[in-house]
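Undergrad: I'd like to ask you about the structure that follows.
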Amino acid sequence: MADVPAVIAVPVAELEGLVVQDAVEQNVTPWTVEGAEVNGVKQAIDYDRLIEQFGTRRIDEEMLERFTRVTGHAPHLLLRRGIFFSHRDLGAILDRHEQGKPFYLYTGRGPSRGHMHIGHMLPFLFCKWLQDVFDVPLVVQLTDDEKFLYKPDLKAEQTYEYSLATVREIAAIGFKPEKTFIFSDMGYMGGAFYLNVLKISRSITYSMARSSFGYTDSDHIGKIHFPCIQIAPAFSSTFPSIFGNRTDIPCLIPCGIDQDPYFRLTRDVAKPLKFKKPSLIHGQFLPALQGGTTKMSSSVDSSAIFMDDSPNTIKNKINKHAFSGGPTSLEELREFGSNPDIDIPYKYLTYFVDDDQEIADLAVSYRKGEITSGEMKKRCIEVLQDFIGSFQERERAITDDDVKNFMNPDYPRTFACLAKK
């Protein structure tokens with residue numbers, strides 16, 4: 001395997017010789033992602049700092065080697081390049097797989113107007129691969145209720161319609177309804193789901209919620225209660241049509257590191273409620289086109305590449321907005337080379353090109369000044385146009401019946417692993 005650099009940011013504040021006169025800490029929450037600011041200059045997200053701050057563990061070479069040994073599969077590019085970089089109790093999931101014991105995957109999405117962007121694709125691409133490797137159920141929560149609670153300009157009916165459109169996008173990644181249940185909170189809430197929400201809500205004090213999420217006196221009660229709804233799918237009895245009344249089946253949650261506060265709280269309440277603690281695997285953020293100080297955002301069109309963008313739109317966005325690690329002149333390029341560590345087109349390639357040798361060769365050639373920033377952008381454009389074009393073809397093939405099947409809790413879903421305790 002080629003020596004591919006992990007996509008890990010190194011804050012300027014840690015560079016030798018920098019005198020820090022003024023600094024603002026980075027801010028990573030479920031609603032805000034901003035890099036630190038040092039001497040008036042925005043920094044890239046410091047993922048080492050997040051591991052320390054959140055108390056998680058890095059996915060190291062030993063864990064990757066064990067993953068390969070247990071599953072018989074080489075790690076996905078998002079794992080081996082450190083893009084999914086942190087975990088809570090991933091080893092426990094590998095233990096269960098070795099023992100033939102069941103678990104399931106749980107991830108989610110806050111549906112919004114318009115299509116997802118390529119950053120939103122990452123946890124779903126990774127979940128699809130994990131599902132193929134482990135042959136386990138996947139449940140996908142669409143938090144249209146949260147969207148309604150946090151966006152006062154939206155009507156509940158609108159956010160539910162966003163969920164229906166999002167199911168088409170998720171289905172187009174390649175999931176099958178026989179293995180995947182995608183549910184809207186607004187559509188599925190009730191029965192066992194609501195019973196677990198009630199149990200969870202009685203286990204979490206306002207003090208615990210405020211400590212985890214920073215709520216203030218001006219936040220309405222809907223926001224404060226919502227974490228109970230996001231926590232509930234982490235417990236298997238929320239899905240009786242798949243797991244019956246079993247409470248002994250844990251889940252693995254691939255998610256962005258910004259979602260960790262929800263699941264720290266989940267792990268805190270699991271034992272008192274006699275549920276299994278979930279395991280987590282955390283992903284980095286796909287940086288905005290303008291650079292690594294913040295993540296790609298649906299609300300800022302120029303920051304993102306969307307899954308319905310045309311080939312020409314993709315080309316124009318990369319050429320116009322993508323931050324370059326190259327110098328301004330050809331002479332400087334030949335003398336000093338370019339920096340792939342801060343180059344956004346190169347970063348995107350590390351997320352979407354599986355060939356380790358190509359990624360390593362691009363980095364070396366870029367540093368040596370053998371390829372220009374324009375050539376790096378050209379390769380990035382080609383890769384994204386192909387990825388998005390293929391997705392759009394699959395999305396067009398998704399029918400209304402497909403959407404109904406994914407969202408039907410009683411659709412036939414049978415897993416041999418669930419027969420084992």
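Identifiers in this document derive from the order of the structure tokens: chains are assigned A, B, ..., residues are numbered from 1 separately in each chain, and ligands are numbered from 1 in order of occurrence.
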Residues at most 12 Å from segment 50-58 of chain A, counting only C-alpha atoms, excluding those fewer than 6 positions away in the same chain, as a PyMOL selection string?
TA: chain A and resi 8-9+25-29+33+35-36+64+79+82-91+212+256-265+279-284
Undergrad: So which residues touch segment 133-143 of chain A within 8 Å, counting only C-alpha atoms, skipping near sequence neighbours fewer than 3 positions away, as a PyMOL selection string?
TA: chain A and resi 71+73+97+102-111+127+129-130+146-147+163+179-185+230+233+415+417
Undergrad: Looking at only C-alpha atoms, which of A:Arg394, A:Arg81, A:Lys317, A:Lys155 is the one that sits closest to Ser302 of chain A?
TA: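 That would be A:Lys317, the residue with the smallest distance to Ser302 of chain A.
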Undergrad: Pick out each residue of segment 182-375 of chain A that DSSP on the backbone tags as strand (DSSP E or B); I need them as a list in words.
TA: Ile182, Phe183, Ser184, Cys251, Leu252, Ile253, Pro254, Cys255, Gly256, Ser279, Leu280, Ile281, His282, Gly283, Pro287, Ala288, Gly291, Gly292, Thr293, Thr294, Lys295 and Phe306 of chain A
Undergrad: Per DSSP on the backbone, filter segment 24-55 of chain A down to the residues in alpha helix (DSSP H) and report them as a PyMOL selection string.
TA: chain A and resi 47-54
Undergrad: What is the atom CA of Phe175 of chain A-atom CA of Met121 of chain A distance in Å, reported with one decimal?
TA: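 Taking atom CA of Phe175 of chain A as the start and atom CA of Met121 of chain A as the end point, the length is 12.8 Å.
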Undergrad: What separation in Å, quoted to one decimal, exists between atom CA of Gly369 of chain A and atom CA of Lys347 of chain A?
TA: 17.2 Å
Undergrad: Any idea what the distance is between atom CA of Tyr47 of chain A and atom CA of Phe306 of chain A?
TA: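 These atoms are spaced 25.1 Å apart.
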Undergrad: Return the single residue from A:Ile118, A:Met407, A:Ala232, A:Leu198 that is closest to Ile305 of chain A, with distances computed using only C-alpha atoms.
TA: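 Of A:Ile118, A:Met407, A:Ala232, A:Leu198, the one nearest Ile305 of chain A is A:Ile118, counting only C-alpha atoms.
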Undergrad: Could you pull the residues within 9 Å of Lys378 of chain A, counting only C-alpha atoms, minus those fewer than 5 positions along the same chain, as a list in words?
TA: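 That gives Lys315, Ile318, Asn319, Pro345, Ser373 and Val383 of chain A.
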Undergrad: Write the residues of the preceding selection, restricted to all heavy atoms, as a PDB file, in the first residue's frame.
TA:
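Printed below is result_23.pdb as written:
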ATOM      1  N   LYS A 315     -17.434  22.182 -12.527  1.00  0.00           N
ATOM      2  CA  LYS A 315     -16.198  22.735 -13.075  1.00  0.00           C
ATOM      3  C   LYS A 315     -16.016  24.189 -12.656  1.00  0.00           C
ATOM      4  O   LYS A 315     -14.924  24.589 -12.198  1.00  0.00           O
ATOM      5  CB  LYS A 315     -16.225  22.627 -14.602  1.00  0.00           C
ATOM      6  CG  LYS A 315     -15.008  23.223 -15.294  1.00  0.00           C
ATOM      7  CD  LYS A 315     -15.129  23.073 -16.816  1.00  0.00           C
ATOM      8  CE  LYS A 315     -13.942  23.699 -17.533  1.00  0.00           C
ATOM      9  NZ  LYS A 315     -14.074  23.561 -19.017  1.00  0.00           N
ATOM     10  N   ILE A 318     -15.221  24.562  -8.767  1.00  0.00           N
ATOM     11  CA  ILE A 318     -13.849  24.178  -8.421  1.00  0.00           C
ATOM     12  C   ILE A 318     -12.860  25.223  -8.930  1.00  0.00           C
ATOM     13  O   ILE A 318     -11.963  25.676  -8.196  1.00  0.00           O
ATOM     14  CB  ILE A 318     -13.508  22.789  -8.984  1.00  0.00           C
ATOM     15  CG1 ILE A 318     -14.353  21.698  -8.316  1.00  0.00           C
ATOM     16  CG2 ILE A 318     -12.021  22.488  -8.816  1.00  0.00           C
ATOM     17  CD1 ILE A 318     -14.070  21.492  -6.851  1.00  0.00           C
ATOM     18  N   ASN A 319     -13.009  25.633 -10.175  1.00  0.00           N
ATOM     19  CA  ASN A 319     -12.067  26.602 -10.741  1.00  0.00           C
ATOM     20  C   ASN A 319     -12.152  27.969 -10.067  1.00  0.00           C
ATOM     21  O   ASN A 319     -11.134  28.645  -9.882  1.00  0.00           O
ATOM     22  CB  ASN A 319     -12.306  26.745 -12.247  1.00  0.00           C
ATOM     23  CG  ASN A 319     -11.750  25.579 -13.038  1.00  0.00           C
ATOM     24  OD1 ASN A 319     -10.758  24.959 -12.636  1.00  0.00           O
ATOM     25  ND2 ASN A 319     -12.371  25.263 -14.160  1.00  0.00           N
ATOM     26  N   PRO A 345      -8.782  21.036  -3.804  1.00  0.00           N
ATOM     27  CA  PRO A 345      -8.971  19.975  -4.807  1.00  0.00           C
ATOM     28  C   PRO A 345      -8.247  18.674  -4.447  1.00  0.00           C
ATOM     29  O   PRO A 345      -8.800  17.583  -4.616  1.00  0.00           O
ATOM     30  CB  PRO A 345      -8.410  20.604  -6.086  1.00  0.00           C
ATOM     31  CG  PRO A 345      -8.648  22.068  -5.891  1.00  0.00           C
ATOM     32  CD  PRO A 345      -8.372  22.312  -4.442  1.00  0.00           C
ATOM     33  N   SER A 373      -1.554  23.904 -10.012  1.00  0.00           N
ATOM     34  CA  SER A 373      -2.846  23.898  -9.316  1.00  0.00           C
ATOM     35  C   SER A 373      -3.988  23.696 -10.315  1.00  0.00           C
ATOM     36  O   SER A 373      -5.004  23.069  -9.991  1.00  0.00           O
ATOM     37  CB  SER A 373      -3.040  25.192  -8.528  1.00  0.00           C
ATOM     38  OG  SER A 373      -2.993  26.311  -9.388  1.00  0.00           O
ATOM     39  N   VAL A 383     -13.089  13.698 -11.322  1.00  0.00           N
ATOM     40  CA  VAL A 383     -13.541  12.708 -10.338  1.00  0.00           C
ATOM     41  C   VAL A 383     -14.934  13.046  -9.826  1.00  0.00           C
ATOM     42  O   VAL A 383     -15.814  12.176  -9.741  1.00  0.00           O
ATOM     43  CB  VAL A 383     -12.532  12.619  -9.177  1.00  0.00           C
ATOM     44  CG1 VAL A 383     -13.116  11.839  -7.996  1.00  0.00           C
ATOM     45  CG2 VAL A 383     -11.235  11.967  -9.650  1.00  0.00           C
TER      46      VAL A 383
END
Undergrad: As a JSON list (two decimals) with C-alpha atoms, in the first residue's frame, please: the residues near Gly291 of chain A (cut-off 8 Å, only C-alpha atoms, same-chain neighbours under 6 positions excluded).
TA:
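Output contents, as saved in out21.json:
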[["chain", "number", "residue", "atom", "x", "y", "z"],
["A", 44, "ALA", "CA", -8.13, 24.39, 10.23],
["A", 322, "ALA", "CA", -11.60, 25.98, -4.50],
["A", 323, "PHE", "CA", -8.72, 27.15, -2.29],
["A", 342, "ILE", "CA", -4.05, 22.98, 2.34],
["A", 343, "ASP", "CA", -5.13, 22.44, -1.27],
["A", 344, "ILE", "CA", -8.89, 21.80, -1.43]]
Undergrad: List the spatial neighbours of Ala74 of chain A as a list of chain:residue names - criterion: any atom at most 9 Å away, only C-alpha atoms, same-chain residues fewer than 4 positions off excluded.
TA: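 Contacts, in chain order: A:Leu64, A:Glu65, A:Phe67, A:Thr68, A:Arg69, A:Arg80.
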Undergrad: For the selection just defined, write its residues with C-alpha atoms to a file, as a JSON list (two decimals), in the first residue's frame.
TA:
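Listing of result_7.json after writing:
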[["chain", "number", "residue", "atom", "x", "y", "z"],
["A", 64, "LEU", "CA", -7.06, -1.11, 11.44],
["A", 65, "GLU", "CA", -5.04, -4.32, 11.48],
["A", 67, "PHE", "CA", -10.44, -4.76, 11.54],
["A", 68, "THR", "CA", -8.79, -6.45, 8.56],
["A", 69, "ARG", "CA", -8.09, -9.63, 10.51],
["A", 80, "ARG", "CA", -7.16, 3.98, 6.08]]
Undergrad: Please list as a PyMOL selection string every residue within 8 Å of Leu333 of chain A, counting only C-alpha atoms and excluding residues in the same chain fewer than 5 positions away.
TA: chain A and resi 326-328+338+369+372
